[in-house]
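Just input04.cif here, mmCIF, C-alpha atoms:
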```
data_input
#
loop_
_atom_site.label_atom_id
_atom_site.label_comp_id
_atom_site.auth_asym_id
_atom_site.auth_seq_id
_atom_site.Cartn_x
_atom_site.Cartn_y
_atom_site.Cartn_z
CA MET O 751 -118.36 49.65 -38.13
CA THR O 752 -114.93 49.83 -39.79
CA SER O 753 -111.66 49.75 -37.86
CA ALA O 754 -111.09 53.42 -38.72
CA GLU O 755 -114.52 54.34 -37.29
CA THR O 756 -113.75 52.29 -34.18
CA VAL O 757 -110.49 54.15 -33.64
CA GLN O 758 -112.32 57.45 -34.14
CA ILE O 759 -114.63 56.49 -31.27
CA MET O 760 -111.81 55.26 -29.06
CA GLY O 761 -109.63 58.35 -29.49
CA PRO O 762 -111.80 60.82 -27.54
CA MET O 763 -112.59 58.12 -24.92
CA LEU O 764 -108.88 57.55 -24.44
CA GLY O 765 -108.26 61.29 -24.23
CA LEU O 766 -110.81 61.61 -21.43
CA VAL O 767 -109.49 58.61 -19.49
CA VAL O 768 -105.80 59.50 -19.76
CA GLY O 769 -106.75 63.10 -18.96
CA GLN O 770 -108.45 61.94 -15.76
CA GLN O 771 -105.35 59.89 -14.83
CA THR O 772 -103.15 62.90 -15.54
CA LEU O 773 -105.22 65.26 -13.39
CA GLU O 774 -104.93 62.78 -10.50
CA HIS O 775 -101.15 62.75 -10.96
CA LEU O 776 -101.10 66.55 -10.82
CA ALA O 777 -102.11 66.30 -7.16
CA ASP O 778 -98.44 65.28 -6.73
CA ARG O 779 -96.46 68.54 -7.09
CA SER O 780 -93.29 66.73 -8.16
CA LEU O 781 -95.00 65.56 -11.37
CA ARG O 782 -96.66 68.79 -12.51
CA ALA O 783 -93.93 70.00 -14.87
CA LEU O 784 -93.66 66.53 -16.43
CA LEU O 785 -97.36 66.16 -17.11
CA ALA O 786 -98.59 69.53 -18.35
CA LEU O 787 -97.99 68.63 -22.02
CA ARG O 788 -99.73 65.29 -21.47
CA LEU O 789 -102.96 67.17 -20.76
CA VAL O 790 -102.58 69.05 -24.04
CA LEU O 791 -102.21 65.74 -25.92
CA CYS O 792 -105.35 64.42 -24.19
CA GLY O 793 -107.20 67.55 -25.29
CA MET O 794 -106.08 66.96 -28.88
CA LEU O 795 -107.45 63.40 -28.76
CA ILE O 796 -110.76 64.56 -27.29
CA LEU O 797 -111.16 67.18 -30.00
CA GLY O 798 -109.90 64.91 -32.79
CA LEU O 799 -106.96 67.21 -33.61
CA TYR O 800 -103.99 65.33 -35.09
CA PRO O 801 -105.07 62.10 -33.34
CA ALA O 802 -102.11 60.08 -34.63
CA LEU O 803 -99.62 62.61 -33.27
CA ALA O 804 -101.46 62.82 -29.95
CA THR O 805 -101.58 59.02 -29.63
CA TRP O 806 -97.89 58.67 -30.34
CA GLY O 807 -97.13 61.47 -27.89
CA LEU O 808 -99.16 59.80 -25.15
CA PHE O 809 -97.42 56.49 -25.85
CA ALA O 810 -94.03 58.22 -25.47
CA TYR O 811 -95.29 59.78 -22.24
CA GLY O 812 -96.31 56.33 -21.06
CA ILE O 813 -92.76 55.07 -21.57
CA ALA O 814 -91.39 58.08 -19.66
CA LEU O 815 -93.78 57.34 -16.78
CA LEU O 816 -92.76 53.67 -16.74
CA HIS O 817 -89.20 54.91 -16.19
CA ARG O 818 -90.31 57.49 -13.61
CA PHE O 819 -92.20 54.92 -11.52
CA ASP O 820 -89.82 52.04 -12.36
CA GLY O 821 -92.80 50.09 -13.71
CA PRO O 822 -96.55 50.68 -13.82
CA TYR O 823 -97.82 53.25 -11.29
CA ASN O 824 -101.24 51.65 -11.10
CA GLY O 825 -100.61 48.01 -12.09
CA GLY O 826 -103.10 46.56 -14.55
CA SER O 827 -104.79 49.84 -15.42
CA ASP O 828 -101.48 51.33 -16.58
CA LYS O 829 -100.81 48.18 -18.58
CA MET O 830 -104.18 48.45 -20.32
CA THR O 831 -103.62 52.17 -20.95
CA MET O 832 -100.27 51.48 -22.61
CA LEU O 833 -101.67 48.51 -24.52
CA ILE O 834 -104.44 50.65 -26.02
CA LEU O 835 -101.98 53.44 -26.83
CA ALA O 836 -99.58 50.93 -28.42
CA CYS O 837 -102.31 49.33 -30.55
CA LEU O 838 -103.72 52.68 -31.69
CA SER O 839 -100.19 53.93 -32.40
CA ALA O 840 -99.59 50.80 -34.49
CA PHE O 841 -102.92 51.37 -36.24
CA TYR O 842 -101.86 54.86 -37.33
CA ILE O 843 -98.57 53.73 -38.85
CA ALA O 844 -99.88 50.46 -40.32
CA PRO O 845 -99.00 50.23 -44.03
CA SER O 846 -102.36 48.76 -45.09
CA PRO O 847 -105.94 48.23 -43.84
CA LEU O 848 -105.06 44.59 -43.12
CA TRP O 849 -102.34 45.63 -40.67
CA GLN O 850 -104.65 48.23 -39.17
CA ASP O 851 -107.13 45.43 -38.51
CA MET O 852 -104.33 43.34 -36.98
CA ALA O 853 -103.42 46.13 -34.54
CA LEU O 854 -107.01 46.53 -33.38
CA SER O 855 -107.52 42.75 -33.25
CA TYR O 856 -104.53 42.37 -30.94
CA LEU O 857 -106.16 44.76 -28.49
CA ALA O 858 -109.49 42.92 -28.73
CA VAL O 859 -107.83 39.54 -28.10
CA GLN O 860 -105.91 40.93 -25.11
CA LEU O 861 -109.16 42.29 -23.71
CA VAL O 862 -110.76 38.84 -23.91
CA LEU O 863 -107.64 37.29 -22.35
CA SER O 864 -107.73 39.84 -19.52
CA TYR O 865 -110.98 38.24 -18.36
CA PHE O 866 -110.38 34.62 -19.34
CA VAL O 867 -106.83 34.25 -17.95
CA SER O 868 -107.80 36.05 -14.77
CA GLY O 869 -110.73 33.64 -14.30
CA TYR O 870 -108.75 30.54 -15.27
CA ILE O 871 -105.91 31.10 -12.81
CA LYS O 872 -108.50 31.55 -10.06
CA ILE O 873 -110.60 28.54 -10.90
CA ILE O 874 -107.61 26.18 -10.79
CA ASN O 875 -106.79 27.48 -7.29
CA GLN O 876 -108.51 25.65 -4.43
CA GLU O 877 -108.48 28.77 -2.25
CA TRP O 878 -110.59 30.58 -4.80
CA ARG O 879 -112.95 27.64 -5.29
CA THR O 880 -113.64 27.45 -1.54
CA GLY O 881 -114.07 31.20 -1.17
CA GLN O 882 -111.04 31.43 1.14
CA ALA O 883 -109.12 33.69 -1.24
CA LEU O 884 -111.86 36.34 -1.43
CA GLN O 885 -112.29 36.09 2.34
CA ASP O 886 -108.56 36.87 2.69
CA VAL O 887 -108.88 39.81 0.30
CA PHE O 888 -111.37 41.40 2.69
CA LEU O 889 -109.69 40.17 5.88
CA PHE O 890 -106.08 41.30 5.49
CA SER O 891 -105.23 42.49 1.97
CA ALA O 892 -104.50 46.17 1.40
CA TYR O 893 -107.39 46.54 -1.06
CA PRO O 894 -110.65 47.26 0.85
CA VAL O 895 -111.13 51.04 0.86
CA SER O 896 -112.52 51.21 4.40
CA THR O 897 -112.42 49.27 7.66
CA SER O 898 -116.17 48.65 7.57
CA LEU O 899 -115.82 46.74 4.26
CA ARG O 900 -113.55 44.24 6.02
CA GLY O 901 -116.75 43.00 7.67
CA PHE O 902 -117.48 41.08 4.45
CA ALA O 903 -114.81 38.60 5.62
CA THR O 904 -117.31 37.32 8.22
CA HIS O 905 -119.75 36.21 5.51
CA PRO O 906 -118.04 33.14 3.99
CA ARG O 907 -121.12 31.85 2.13
CA LEU O 908 -121.66 35.20 0.44
CA LEU O 909 -117.97 35.33 -0.52
CA TRP O 910 -118.10 31.77 -1.84
CA GLY O 911 -121.00 32.82 -4.09
CA MET O 912 -119.22 35.99 -5.15
CA SER O 913 -116.05 34.02 -5.94
CA TRP O 914 -117.91 31.63 -8.22
CA ALA O 915 -119.83 34.48 -9.86
CA VAL O 916 -116.55 36.26 -10.67
CA MET O 917 -114.73 33.11 -11.83
CA GLY O 918 -117.73 31.91 -13.86
CA PHE O 919 -118.14 35.25 -15.59
CA GLU O 920 -114.44 35.57 -16.36
CA VAL O 921 -113.89 32.10 -17.83
CA LEU O 922 -117.14 32.18 -19.83
CA PHE O 923 -116.56 35.69 -21.18
CA PRO O 924 -115.03 34.47 -24.52
CA LEU O 925 -118.35 32.74 -25.32
CA THR O 926 -120.04 36.14 -25.56
CA LEU O 927 -118.20 36.59 -28.87
CA MET O 928 -120.66 34.14 -30.42
CA HIS O 929 -123.36 36.78 -30.81
CA SER O 930 -123.40 40.58 -30.81
CA THR O 931 -126.23 40.77 -28.24
CA ALA O 932 -124.41 38.33 -25.96
CA LEU O 933 -121.29 40.47 -26.25
CA LEU O 934 -123.13 43.66 -25.31
CA PHE O 935 -124.64 41.85 -22.32
CA GLY O 936 -121.19 40.51 -21.38
CA LEU O 937 -119.66 43.97 -21.59
CA LEU O 938 -122.41 45.40 -19.38
CA VAL O 939 -121.73 42.72 -16.77
CA ALA O 940 -117.98 43.36 -17.10
CA ALA O 941 -118.48 47.10 -16.59
CA ALA O 942 -120.61 46.38 -13.50
CA PHE O 943 -117.80 44.13 -12.24
CA HIS O 944 -115.23 46.92 -12.68
CA LEU O 945 -117.61 49.41 -11.05
CA THR O 946 -117.91 47.13 -8.02
CA ASN O 947 -114.11 46.82 -7.83
CA ALA O 948 -113.81 50.60 -8.08
CA CYS O 949 -116.23 51.10 -5.17
CA LEU O 950 -114.93 48.33 -2.91
CA PHE O 951 -111.21 48.45 -3.68
CA GLY O 952 -110.69 51.98 -5.03
CA LEU O 953 -109.69 50.73 -8.49
CA ASN O 954 -111.30 53.63 -10.35
CA ARG O 955 -108.75 53.68 -13.17
CA PHE O 956 -109.53 50.07 -14.12
CA PHE O 957 -113.20 50.93 -14.59
CA TRP O 958 -112.57 53.73 -17.09
CA ILE O 959 -109.70 52.23 -19.07
CA TRP O 960 -111.32 48.83 -19.60
CA ILE O 961 -114.48 50.52 -20.92
CA CYS O 962 -112.23 52.50 -23.23
CA ALA O 963 -111.08 49.24 -24.89
CA TYR O 964 -114.62 47.85 -25.41
CA PRO O 965 -115.21 49.37 -28.89
CA SER O 966 -112.30 47.29 -30.20
CA LEU O 967 -114.04 44.11 -29.08
CA ILE O 968 -117.41 45.16 -30.53
CA TRP O 969 -115.63 45.82 -33.85
CA PHE O 970 -113.71 42.51 -33.60
CA GLN O 971 -116.83 40.46 -32.98
CA ASP O 972 -118.56 42.06 -35.96
CA ARG O 973 -115.46 41.66 -38.19
CA ILE O 974 -114.65 38.05 -37.32
CA ILE O 975 -117.95 36.45 -36.33
CA GLY O 976 -120.84 38.83 -36.96
CA MET Y 1056 -81.55 52.78 -21.25
CA LEU Y 1057 -82.84 50.84 -24.27
CA PHE Y 1058 -82.57 47.52 -22.43
CA LYS Y 1059 -84.46 48.94 -19.46
CA THR Y 1060 -87.16 50.39 -21.74
CA ILE Y 1061 -87.64 46.98 -23.36
CA ASN Y 1062 -87.80 45.38 -19.90
CA LEU Y 1063 -90.46 47.87 -18.81
CA LEU Y 1064 -92.47 47.65 -22.04
CA LEU Y 1065 -92.58 43.87 -22.56
CA PRO Y 1066 -94.85 43.08 -19.58
CA VAL Y 1067 -97.11 45.92 -20.74
CA LEU Y 1068 -97.38 44.81 -24.36
CA LEU Y 1069 -97.56 41.10 -23.44
CA PRO Y 1070 -99.50 41.26 -20.16
CA SER Y 1071 -100.10 38.13 -18.11
CA TRP Y 1072 -103.49 39.29 -16.69
CA ARG Y 1073 -103.04 37.07 -13.61
CA PHE Y 1074 -105.01 39.30 -11.26
CA PHE Y 1075 -105.30 37.91 -7.71
CA LYS Y 1076 -103.80 34.53 -8.65
CA THR Y 1077 -103.23 34.08 -4.93
CA VAL Y 1078 -103.77 36.44 -2.03
CA ALA Y 1079 -100.13 37.02 -1.20
CA ALA Y 1080 -98.60 38.63 1.88
CA SER Y 1081 -100.04 42.12 2.13
CA PRO Y 1082 -97.97 45.17 3.09
CA ARG Y 1083 -98.67 47.85 5.68
CA VAL Y 1084 -96.47 50.94 5.86
CA GLU Y 1085 -95.90 52.32 9.35
CA VAL Y 1086 -94.08 55.46 10.42
CA ARG Y 1087 -92.66 56.94 13.60
CA VAL Y 1088 -91.20 60.39 14.14
CA THR Y 1089 -88.38 61.62 16.34
CA ILE Y 1090 -88.74 65.24 17.42
CA ASP Y 1091 -86.52 66.88 20.06
CA GLY Y 1092 -85.15 63.51 21.11
CA HIS Y 1093 -88.61 62.01 21.66
CA THR Y 1094 -89.59 59.07 19.45
CA SER Y 1095 -93.28 58.34 18.85
CA ASP Y 1096 -94.94 54.93 18.57
CA TRP Y 1097 -95.30 53.29 15.17
CA VAL Y 1098 -98.52 54.32 13.44
CA CYS Y 1099 -100.03 53.52 10.06
CA SER Y 1100 -98.67 55.95 7.47
CA HIS Y 1101 -101.84 56.12 5.36
CA PRO Y 1102 -104.67 54.82 7.58
CA GLU Y 1103 -107.84 53.59 5.89
CA PRO Y 1104 -111.07 55.39 6.80
CA ASP Y 1105 -113.62 53.61 9.00
CA HIS Y 1106 -116.39 54.03 6.46
CA ILE Y 1107 -116.91 55.46 2.98
CA GLY Y 1108 -120.44 56.30 1.88
CA LEU Y 1109 -121.92 55.57 -1.53
CA GLY Y 1110 -121.69 59.23 -2.58
CA ALA Y 1111 -117.98 59.33 -1.78
CA MET Y 1112 -117.45 56.03 -3.61
CA ILE Y 1113 -119.07 57.49 -6.74
CA ALA Y 1114 -117.05 60.72 -6.42
CA ARG Y 1115 -113.88 58.63 -6.17
CA LEU Y 1116 -114.59 57.17 -9.61
CA PHE Y 1117 -113.60 60.59 -10.96
CA TRP Y 1118 -111.08 61.83 -8.38
CA ASN Y 1119 -109.07 59.35 -6.36
CA PRO Y 1120 -105.41 60.50 -6.20
CA GLN Y 1121 -104.82 59.60 -2.54
CA ARG Y 1122 -106.13 56.07 -3.00
CA ASN Y 1123 -104.06 55.59 -6.16
CA ASN Y 1124 -100.96 56.81 -4.32
CA LYS Y 1125 -101.71 54.24 -1.64
CA LEU Y 1126 -102.01 51.50 -4.28
CA TYR Y 1127 -98.66 52.70 -5.68
CA MET Y 1128 -97.19 52.31 -2.18
CA VAL Y 1129 -98.48 48.72 -2.13
CA SER Y 1130 -96.67 48.09 -5.43
CA LEU Y 1131 -93.49 49.72 -4.13
CA SER Y 1132 -93.63 47.65 -0.94
CA GLU Y 1133 -94.07 44.43 -2.90
CA ARG Y 1134 -91.17 45.37 -5.19
CA LEU Y 1135 -89.01 46.23 -2.19
CA ALA Y 1136 -89.81 42.88 -0.55
CA GLU Y 1137 -88.78 41.12 -3.76
CA ALA Y 1138 -85.54 43.08 -4.24
CA GLU Y 1139 -84.54 46.24 -2.41
CA THR Y 1140 -83.90 49.07 -4.85
CA LYS Y 1141 -82.98 52.72 -4.39
CA HIS Y 1142 -86.11 53.70 -6.33
CA SER Y 1143 -88.51 51.82 -4.03
CA THR Y 1144 -86.93 53.02 -0.78
CA GLN Y 1145 -86.73 56.63 -2.00
CA GLU Y 1146 -90.27 56.71 -3.34
CA LEU Y 1147 -91.68 55.23 -0.15
CA ALA Y 1148 -89.68 57.75 1.89
CA ARG Y 1149 -91.04 60.56 -0.30
CA LEU Y 1150 -94.67 59.44 0.03
CA VAL Y 1151 -94.46 58.71 3.76
CA GLY Y 1152 -92.54 61.96 4.34
CA ALA Y 1153 -95.25 63.92 2.48
CA THR Y 1154 -97.72 63.09 5.27
CA LEU Y 1155 -95.38 64.68 7.86
CA SER Y 1156 -94.74 68.04 6.21
CA GLY Y 1157 -94.85 71.01 8.57
CA ARG Y 1158 -92.97 69.21 11.33
CA GLU Y 1159 -89.27 69.44 12.12
CA GLY Y 1160 -87.32 66.36 13.04
CA ALA Y 1161 -86.75 62.93 11.60
CA PHE Y 1162 -88.77 59.85 10.75
CA GLU Y 1163 -88.43 56.18 10.03
CA TYR Y 1164 -90.79 53.95 8.13
CA ARG Y 1165 -91.14 50.20 8.14
CA LEU Y 1166 -92.92 47.59 6.07
CA LEU Y 1167 -94.96 44.96 7.85
CA PHE Y 1168 -96.52 42.17 5.86
CA LEU Y 1169 -99.68 40.29 6.82
CA GLN Y 1170 -100.01 36.71 5.65
CA ARG Y 1171 -102.24 33.70 6.24
CA ASP Y 1172 -100.55 30.88 8.16
CA GLY Y 1173 -103.08 28.09 8.50
CA LYS Y 1174 -106.01 29.57 10.40
CA LYS Y 1175 -104.02 32.52 11.72
CA ILE Y 1176 -103.01 35.82 10.14
CA ILE Y 1177 -99.39 36.54 10.99
CA ARG Y 1178 -97.40 39.80 10.73
CA PHE Y 1179 -93.71 40.04 9.98
CA LEU Y 1180 -91.25 42.88 9.51
CA GLU Y 1181 -89.82 43.05 6.00
CA TYR Y 1182 -87.93 46.35 5.98
CA GLN Y 1183 -87.11 49.27 8.25
CA SER Y 1184 -85.66 52.50 6.92
CA PRO Y 1185 -82.83 54.44 8.52
CA LEU Y 1186 -83.66 57.72 10.26
CA LEU Y 1187 -84.60 60.27 7.58
CA PRO Y 1188 -85.02 64.04 7.85
CA ILE Y 1189 -88.63 65.25 7.62
CA GLY Y 1190 -89.25 67.49 4.66
CA LYS Y 1191 -86.51 66.15 2.41
CA GLY Y 1192 -88.02 65.04 -0.87
CA ALA Y 1193 -91.60 65.44 0.31
CA ALA Y 1194 -94.16 65.59 -2.51
#
```
Once you've parsed the file, please lay out its structure as structure tokens.
Amino acid sequence: MTSAETVQIMGPMLGLVVGQQTLEHLADRSLRALLALRLVLCGMLILGLYPALATWGLFAYGIALLHRFDGPYNGGSDKMTMLILACLSAFYIAPSPLWQDMALSYLAVQLVLSYFVSGYIKIINQEWRTGQALQDVFLFSAYPVSTSLRGFATHPRLLWGMSWAVMGFEVLFPLTLMHSTALLFGLLVAAAFHLTNACLFGLNRFFWIWICAYPSLIWFQDRIIG
Amino acid sequence: MLFKTINLLLPVLLPSWRFFKTVAASPRVEVRVTIDGHTSDWVCSHPEPDHIGLGAMIARLFWNPQRNNKLYMVSLSERLAEAETKHSTQELARLVGATLSGREGAFEYRLLFLQRDGKKIIRFLEYQSPLLPIGKGAA
């Protein structure tokens, strides 16, 4: 798969994901006028019409929304959305195939770092190693989507196991780059991890946008190692 | 404008990815209304449901605007606790006020934070808004 083919796959995926984010924003009446054109740009990406123009337009919209919300509206998922848009925008204006590859590689490396750094900063923290941190997430953080889920806080052994499963997966994720089958398996586990977070903590945007970046990593593994 | 754009873009283009480094103090937004001289008790502005079934969880993968607004309120509360800004206070007032539309009177909101202190979970008041008219700036 070439970098151009990878971007062709990612464009419609990105259009769908940003379109879903935009429709959610439209529930807020104060944003409707601002976001109508954004839906048109998403449609262009989905249909493959002027993808470079649509990508640049969505990147400009992303900057406007950063100003509107004085930072990311939805934390990490907005950061990943903008990162993908920035890398694809750079891809479209890159002066040569080498620079196109560099733009896509940057996204792939950031995707790997999103798992590895997140796991590393947990594993060096005693509260995460003992399971206390995940217990606190369920006990008093704002993240569980319902009161009944807070009951997980009364199962410390389960949470200890879950903590180590998450940390282990995250820090070992870079090793999946060694083989294409390992990477596909790693991405399936990662998607399941995001799906769990979406169900338990309501982080639905993370699930879709991280999947959207996966083709860049599949291309990267094939280009660099495969 | 350019400086602010760079400030907003840099953490996006060079993300730290330090999700859940620690479980920090966690905000709760509470509201009380004053109507005809009577002031209510403080109640949670956006209460969490008792239970969400699997079907609803799956549906929320595709349509979850209320939850994402609530996560935005968490971000705003954390920003406000770090440094009070007009944007954070106004946005919180707008989102809290939106839940009160249809009433006439005034409201206040406050930010409580929950935090682990040894074996206990403690609550402390971080911010309390002035009295605000209901309906002004509601989404």
With distances taken over only C-alpha atoms, which of Y:Met1056, Y:Ala1080, Y:Ile1113, Y:Leu1068 is nearest to Phe890 (chain O)?
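For Phe890 (chain O), the nearest of the given residues is Y:Ala1080.
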Which residue of O:Ser913, O:Ser753, O:Thr926, O:Ser966 approaches chain Y most closely, using all atoms listed in the file
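Smallest separation from chain Y among the options: O:Ser913.
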Could you please determine the separation between CA of Trp878 (chain O) and CA of Gly911 (chain O) in Å, to one decimal place?
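Taking CA of Trp878 (chain O) as the start and CA of Gly911 (chain O) as the end point, the length is 10.7 Å.
Evaluated on this file, the PyMOL selection byres ((chain O and resi 931-948) around 8) matches Phe923, Thr926, Leu927, Met928, His929, Ser930, Cys949, Leu950, Phe951, Gly952, Leu953, Asn954, Arg955, Phe956, Phe957, Trp960, Ile961, Tyr964 and Ile968 of chain O; Met1112 and Leu1116 of chain Y.
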Dump C-alpha atoms for the selected residues as a short mmCIF file (atom, residue, chain, number, x, y, z; two decimals), in the coordinates of the input?
```cif
data_model
loop_
_atom_site.label_atom_id
_atom_site.label_comp_id
_atom_site.auth_asym_id
_atom_site.auth_seq_id
_atom_site.Cartn_x
_atom_site.Cartn_y
_atom_site.Cartn_z
CA PHE O 923 -116.56 35.69 -21.18
CA THR O 926 -120.04 36.14 -25.56
CA LEU O 927 -118.20 36.59 -28.87
CA MET O 928 -120.66 34.14 -30.42
CA HIS O 929 -123.36 36.78 -30.81
CA SER O 930 -123.40 40.58 -30.81
CA CYS O 949 -116.23 51.10 -5.17
CA LEU O 950 -114.93 48.33 -2.91
CA PHE O 951 -111.21 48.45 -3.68
CA GLY O 952 -110.69 51.98 -5.03
CA LEU O 953 -109.69 50.73 -8.49
CA ASN O 954 -111.30 53.63 -10.35
CA ARG O 955 -108.75 53.68 -13.17
CA PHE O 956 -109.53 50.07 -14.12
CA PHE O 957 -113.20 50.93 -14.59
CA TRP O 960 -111.32 48.83 -19.60
CA ILE O 961 -114.48 50.52 -20.92
CA TYR O 964 -114.62 47.85 -25.41
CA ILE O 968 -117.41 45.16 -30.53
CA MET Y 1112 -117.45 56.03 -3.61
CA LEU Y 1116 -114.59 57.17 -9.61
#
```
Could you state the separation of CA of Gln758 (chain O) and CA of Asn1119 (chain Y) in Å, given to one decimal place?
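Rounded to one decimal, the two atoms are 28.0 Å apart.
Take the candidates Y:Leu1167, Y:Val1084, Y:Leu1065, Y:Leu1109 and check each one against Leu1147 (chain Y) using all atoms listed in the file; the shortest distance goes to Y:Val1084.
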Assuming the chain letters and numbering stay as they are in my file, what does the PyMOL selection byres ((chain Y) within 6 of (chain O)) actually select? List them as a PyMOL selection string.
chain Y and resi 1067-1068+1072-1074+1076+1081+1103-1106+1112+1116+1120+1127+1194
Taking (-111.2, 59.8, -31.3) in the coordinates of the supplied file, I want to know which residues reach to within 9 Å of it, counting all atoms listed in the file; could you give the answer as a PyMOL selection string?
chain O and resi 755-765+795-799+801
Mind pulling up the distance from CA of Ile974 (chain O) to CA of Leu848 (chain O)?
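Atom-to-atom, CA of Leu848 (chain O) to CA of Ile974 (chain O), that is 13.0 Å.
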Neighbourhood query: residues within 12 Å of (-87.3, 64.4, -2.1), file coordinates, counting all atoms listed in the file; return as JSON, numbers by chain.
{"O": [779, 780], "Y": [1142, 1144, 1145, 1146, 1147, 1148, 1149, 1150, 1151, 1152, 1153, 1156, 1187, 1188, 1189, 1190, 1191, 1192, 1193, 1194]}
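Compared by their closest atoms to Leu1155 (chain Y), and using all atoms listed in the file, the residues Y:Arg1115, Y:Lys1174, Y:Arg1087, Y:Arg1122 rank with Y:Arg1087 nearest.
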Taking only C-alpha atoms into account, which of O:Leu925, O:Val790, O:Ala754, O:Met917 comes nearest Phe841 (chain O)?
O:Ala754
Residues near Val1086 (chain Y), anyone? I mean within 8 Å using only C-alpha atoms, not counting same-chain ones fewer than 5 positions away, as a list in words.
Trp1097, Val1098, Cys1099, Ser1100, Val1151, Phe1162, Glu1163, Tyr1164 and Arg1165 of chain Y
Written as an MDAnalysis selection string, which residues does the PyMOL selection byres ((chain Y and resi 1181) around 8) give for the file shown?
chainID Y and resid 1136 1165:1168 1179:1180 1182:1183
